[in-house]
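K.L.:
Got a structure here, written out as structure tokens. Questions coming.
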Amino acid sequence: MRYIDQINLKDKRVFIRVDFNVPMDEGGNITDDTRIKAHLPTINYAIEKGAKVIIGSHLGRPKGKRSEAFSLKACAKRLSELLGRDVLFIDDCIGEKVLKAVSEIKSSDVILLENLRFYIGEEKNDPEFAKELAKLCDVYVDDAFAVSHRKAASNTAITEFVEVCVAGFLLKNEITYFNKAMKEPVRPLIAIIGGAKVSDKIGVLETLVEKVNKLIVGGGMAFTFLKALGYEVGNSICEENMLDMAKGIMEKAKTRGVKFYLPVDCVVAEKATNDAVVKNCPVQEIPKGWMGLDIGPATVTLFSEAIQDAKTIIWNGPMGMFELDPFSRGTFAMVFYVANSHALTIVGGGDTDTAVHKAGESDKISYISTGGGAFLELLEGKTLPAIEALERFGG
Ligand code: AMP
């Protein structure tokens with residue numbers, strides 16, 4: 001794979017595929033511009049090198065239909081503010097109008113195209129749609145890590161029609177940090193996995209147990225493991241059909257000498273609401289009709305001690321239902337310990353990212369992945385189609 005800083009961009013028409021899939025309120029205002037900011041190093045670099053910058057992105061799921069609610073217009077305004085220069089917004093992403101605009105821009109000018117998903121061909125990885133996009137540029141730059149696990153015309157098929165295809169700095173960072181953590185980690189390598197269900201992350205757990213030195217499981221999924229060990233878990237989220245899988249992971253950990261950690265206590269409530277009556281209890285004593293919604297203080301102590309000697313930590317999934325205040329402490333405490341450890345720390349997944357930001361510790365994490373699904377698929381050891389396409393057709 002080649003990267004944007006290995007090629008000549010001067011006066012070239014450079015199409016940068018980004019992920020401006022930002023959250024918006026009902027009024028169409030961007031409520032969090034983190035995803036736009038994540039691409040600034042790549043965009044600014046292209047501007048500095050005198051490229052004619054053409055940016056393409058998706059927003060939401062308009063399913064091949066034009067819709068004001070999914071327009072990228074607000075992103076053009078925000079991008080313009082962030083870059084401190086004009087950004088020309090074109091209300092289409094292929095066709096005569098776009099070709100004309102692209103032919104008229106000067107070096108270092110920036111165009112943002114309308115939502116790629118207004119065309120059904122985008123999500124279908126349609127070569128005809130990709131050819132239309134390819135007509136707009138001399139160089140293709142993929143910077144949209146968060147969608148690289150899904151084949152789309154703008155991240156996979158397009159690489160067959162543009163001569164020079166490279167990765168931008170965001171994609172480069174994602175790959176570099178992932179490799180540091182998983183391919184050649186400085187050990188001990190510790191994985192912390194949480195979130196709601198075992199079934200969503202079974203592939204990840206199976207891969208991790210082969211690679212890490214310690215595996216820490218928290219969040220809702222821990223109750224399936226506890227049940228598999230014979231504990232009563234009350235009304236806690238528990239997947240009966242995953243008990244054998246959970247046992248298998250624990251056995252694998254044992255045979256490989258991987259130290260495996262589960263919560264020893266939890267925060268329980270009868271209902272998952274902000275005004276619920278809550279108490280802490282050992283996992284052996286979850287009352288009938290109550291559910292575990294966060295890790296308890298003894299578990300925080302245990303997990304924080306377990307990561308003390310870590311040289312590399314990889315974390316995906318919250319330790320509890322952290323969106324609700326009474327069940328957020330365990331996750332936030334773990335954010336604090338991970339952020340203040342001396343390890344290389346890599347956090348991935350939408351919810352874990354949100355928790356780290358909410359806790360105000362994001363600056364102390366070595367790398368926060370911009371990919372939820374893409375990050376999990378990398379962790380599972382899968383090859384991501386967009387990355388594979390760049391490697392094959394990098395040119
Ligand atoms: P995931 O997308 O799999 O990482 O799961 C994240 C979701 O898991 C969050 O919305 C949390 O509220 C939820 N979650 C974490 N711990 C628990 C728990 N003990 N019980 C129910 N839901 C939980």
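Residue numbering restarts at 1 in every chain; chains get A, B, ... in the order shown in the structure tokens, and ligands count up from 1 in that same order.
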Env of Val102 (chain A): 10 Å cut, atoms = only C-alpha atoms, seq-sep filter 4 positions within chain, self excluded. Answer as a PyMOL selection string.
P.N.:
chain A and resi 13+52-54+90+96-98+106+109-111+136-137
K.L.:
Could you save those same residues with all heavy atoms as a short mmCIF file (atom, residue, chain, number, x, y, z; two decimals), in the first residue's frame?
P.N.:
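Result file out_6.cif:
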```
data_model
loop_
_atom_site.label_atom_id
_atom_site.label_comp_id
_atom_site.auth_asym_id
_atom_site.auth_seq_id
_atom_site.Cartn_x
_atom_site.Cartn_y
_atom_site.Cartn_z
N ARG A 13 -5.89 16.39 -9.84
CA ARG A 13 -7.24 16.32 -9.27
C ARG A 13 -7.25 15.13 -8.29
O ARG A 13 -7.08 13.99 -8.71
CB ARG A 13 -8.27 16.09 -10.39
CG ARG A 13 -8.33 17.23 -11.41
CD ARG A 13 -9.20 16.83 -12.59
NE ARG A 13 -8.76 15.56 -13.14
CZ ARG A 13 -9.54 14.71 -13.80
NH1 ARG A 13 -10.80 14.98 -14.00
NH2 ARG A 13 -9.07 13.57 -14.27
N LYS A 52 -5.82 19.78 -6.48
CA LYS A 52 -7.21 20.23 -6.62
C LYS A 52 -8.03 19.22 -5.82
O LYS A 52 -8.14 18.06 -6.22
CB LYS A 52 -7.61 20.23 -8.09
CG LYS A 52 -6.79 21.20 -8.91
CD LYS A 52 -7.06 21.04 -10.39
CE LYS A 52 -6.21 22.05 -11.15
NZ LYS A 52 -6.32 21.90 -12.59
N VAL A 53 -8.54 19.65 -4.68
CA VAL A 53 -9.07 18.70 -3.70
C VAL A 53 -10.58 18.49 -3.89
O VAL A 53 -11.37 19.44 -3.81
CB VAL A 53 -8.78 19.19 -2.26
CG1 VAL A 53 -9.29 18.19 -1.24
CG2 VAL A 53 -7.28 19.44 -2.09
N ILE A 54 -10.94 17.24 -4.12
CA ILE A 54 -12.35 16.89 -4.30
C ILE A 54 -12.69 15.87 -3.20
O ILE A 54 -12.08 14.81 -3.13
CB ILE A 54 -12.57 16.25 -5.69
CG1 ILE A 54 -12.08 17.19 -6.77
CG2 ILE A 54 -14.03 15.86 -5.90
CD1 ILE A 54 -11.35 16.50 -7.89
N ILE A 90 -21.01 21.12 -4.01
CA ILE A 90 -21.75 20.80 -5.24
C ILE A 90 -22.87 19.84 -4.85
O ILE A 90 -22.61 18.84 -4.18
CB ILE A 90 -20.85 20.08 -6.28
CG1 ILE A 90 -19.48 20.72 -6.35
CG2 ILE A 90 -21.55 20.00 -7.63
CD1 ILE A 90 -19.29 21.75 -7.38
N GLU A 96 -22.27 15.75 -15.30
CA GLU A 96 -21.75 16.93 -16.00
C GLU A 96 -21.45 18.10 -15.07
O GLU A 96 -20.39 18.72 -15.16
CB GLU A 96 -22.77 17.39 -17.07
CG GLU A 96 -22.77 16.52 -18.33
CD GLU A 96 -21.37 16.26 -18.89
OE1 GLU A 96 -20.61 17.24 -19.01
OE2 GLU A 96 -21.03 15.10 -19.15
N LYS A 97 -22.42 18.38 -14.18
CA LYS A 97 -22.26 19.54 -13.30
C LYS A 97 -20.98 19.41 -12.46
O LYS A 97 -20.20 20.36 -12.31
CB LYS A 97 -23.47 19.63 -12.37
CG LYS A 97 -23.54 20.92 -11.60
CD LYS A 97 -24.44 20.84 -10.40
CE LYS A 97 -25.91 20.73 -10.76
NZ LYS A 97 -26.78 20.71 -9.56
N VAL A 98 -20.76 18.20 -11.95
CA VAL A 98 -19.59 17.98 -11.09
C VAL A 98 -18.31 18.05 -11.93
O VAL A 98 -17.33 18.70 -11.53
CB VAL A 98 -19.69 16.61 -10.37
CG1 VAL A 98 -18.56 16.44 -9.38
CG2 VAL A 98 -21.03 16.46 -9.66
N LYS A 106 -8.98 25.63 -9.15
CA LYS A 106 -7.53 25.83 -9.24
C LYS A 106 -6.84 24.95 -8.18
O LYS A 106 -7.49 24.43 -7.28
CB LYS A 106 -7.21 27.31 -8.98
CG LYS A 106 -7.77 28.22 -10.08
CD LYS A 106 -7.25 29.63 -9.96
CE LYS A 106 -7.84 30.42 -8.81
NZ LYS A 106 -9.27 30.68 -8.86
N ASP A 109 -7.70 24.53 -4.28
CA ASP A 109 -9.13 24.76 -4.02
C ASP A 109 -9.74 23.46 -3.50
O ASP A 109 -9.23 22.37 -3.76
CB ASP A 109 -9.86 25.16 -5.31
CG ASP A 109 -9.62 26.63 -5.65
OD1 ASP A 109 -9.05 27.34 -4.81
OD2 ASP A 109 -10.00 27.05 -6.77
N VAL A 110 -10.87 23.63 -2.79
CA VAL A 110 -11.52 22.45 -2.19
C VAL A 110 -12.99 22.38 -2.59
O VAL A 110 -13.72 23.37 -2.48
CB VAL A 110 -11.43 22.50 -0.64
CG1 VAL A 110 -12.07 21.25 -0.02
CG2 VAL A 110 -9.98 22.64 -0.18
N ILE A 111 -13.38 21.20 -3.05
CA ILE A 111 -14.79 20.95 -3.38
C ILE A 111 -15.29 19.84 -2.47
O ILE A 111 -14.60 18.83 -2.27
CB ILE A 111 -14.92 20.46 -4.85
CG1 ILE A 111 -14.73 21.61 -5.83
CG2 ILE A 111 -16.27 19.79 -5.09
CD1 ILE A 111 -14.89 21.20 -7.29
N LEU A 136 -13.56 11.94 -12.15
CA LEU A 136 -13.33 13.23 -11.48
C LEU A 136 -11.88 13.44 -11.08
O LEU A 136 -11.51 14.54 -10.67
CB LEU A 136 -14.19 13.35 -10.22
CG LEU A 136 -15.70 13.13 -10.36
CD1 LEU A 136 -16.36 13.18 -8.99
CD2 LEU A 136 -16.30 14.21 -11.26
N CYS A 137 -11.07 12.39 -11.12
CA CYS A 137 -9.76 12.54 -10.48
C CYS A 137 -8.60 11.84 -11.19
O CYS A 137 -8.81 10.96 -12.01
CB CYS A 137 -9.84 12.03 -9.04
SG CYS A 137 -10.21 10.28 -8.93
#
```
K.L.:
Could you pull out the residues in region 138-309 of chain A that DSSP calls helix (DSSP H, G or I) from the backbone, as a PyMOL selection string?
P.N.:
chain A and resi 145-147+157-160+169-183+198-211+222-228+240-256+283-285+297-306
K.L.:
Using only C-alpha atoms and all ligand atoms, what are the residues with an atom within 7 Å of ligand 1, set out as a ChimeraX atom specification?
P.N.:
/A:194-197,200,219-220,236-237,292-294,316-323,349,351
K.L.:
Between A:Tyr337, A:Phe303, A:Phe20, A:Phe375, single out the one closest to Leu40 (chain A), counting only C-alpha atoms.
P.N.:
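Of A:Tyr337, A:Phe303, A:Phe20, A:Phe375, the one nearest Leu40 (chain A) is A:Phe20, counting only C-alpha atoms.
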K.L.:
Check the smallest atom-to-atom distance from each of A:Arg256, A:Lys73, A:Arg85, A:His149 to Glu380 (chain A) using only C-alpha atoms, then report the winner.
P.N.:
A:His149
K.L.:
Quick check, in Å to one decimal: how far apart do CA of Lys37 (chain A) and CA of Leu83 (chain A) lie?
P.N.:
9.6 Å
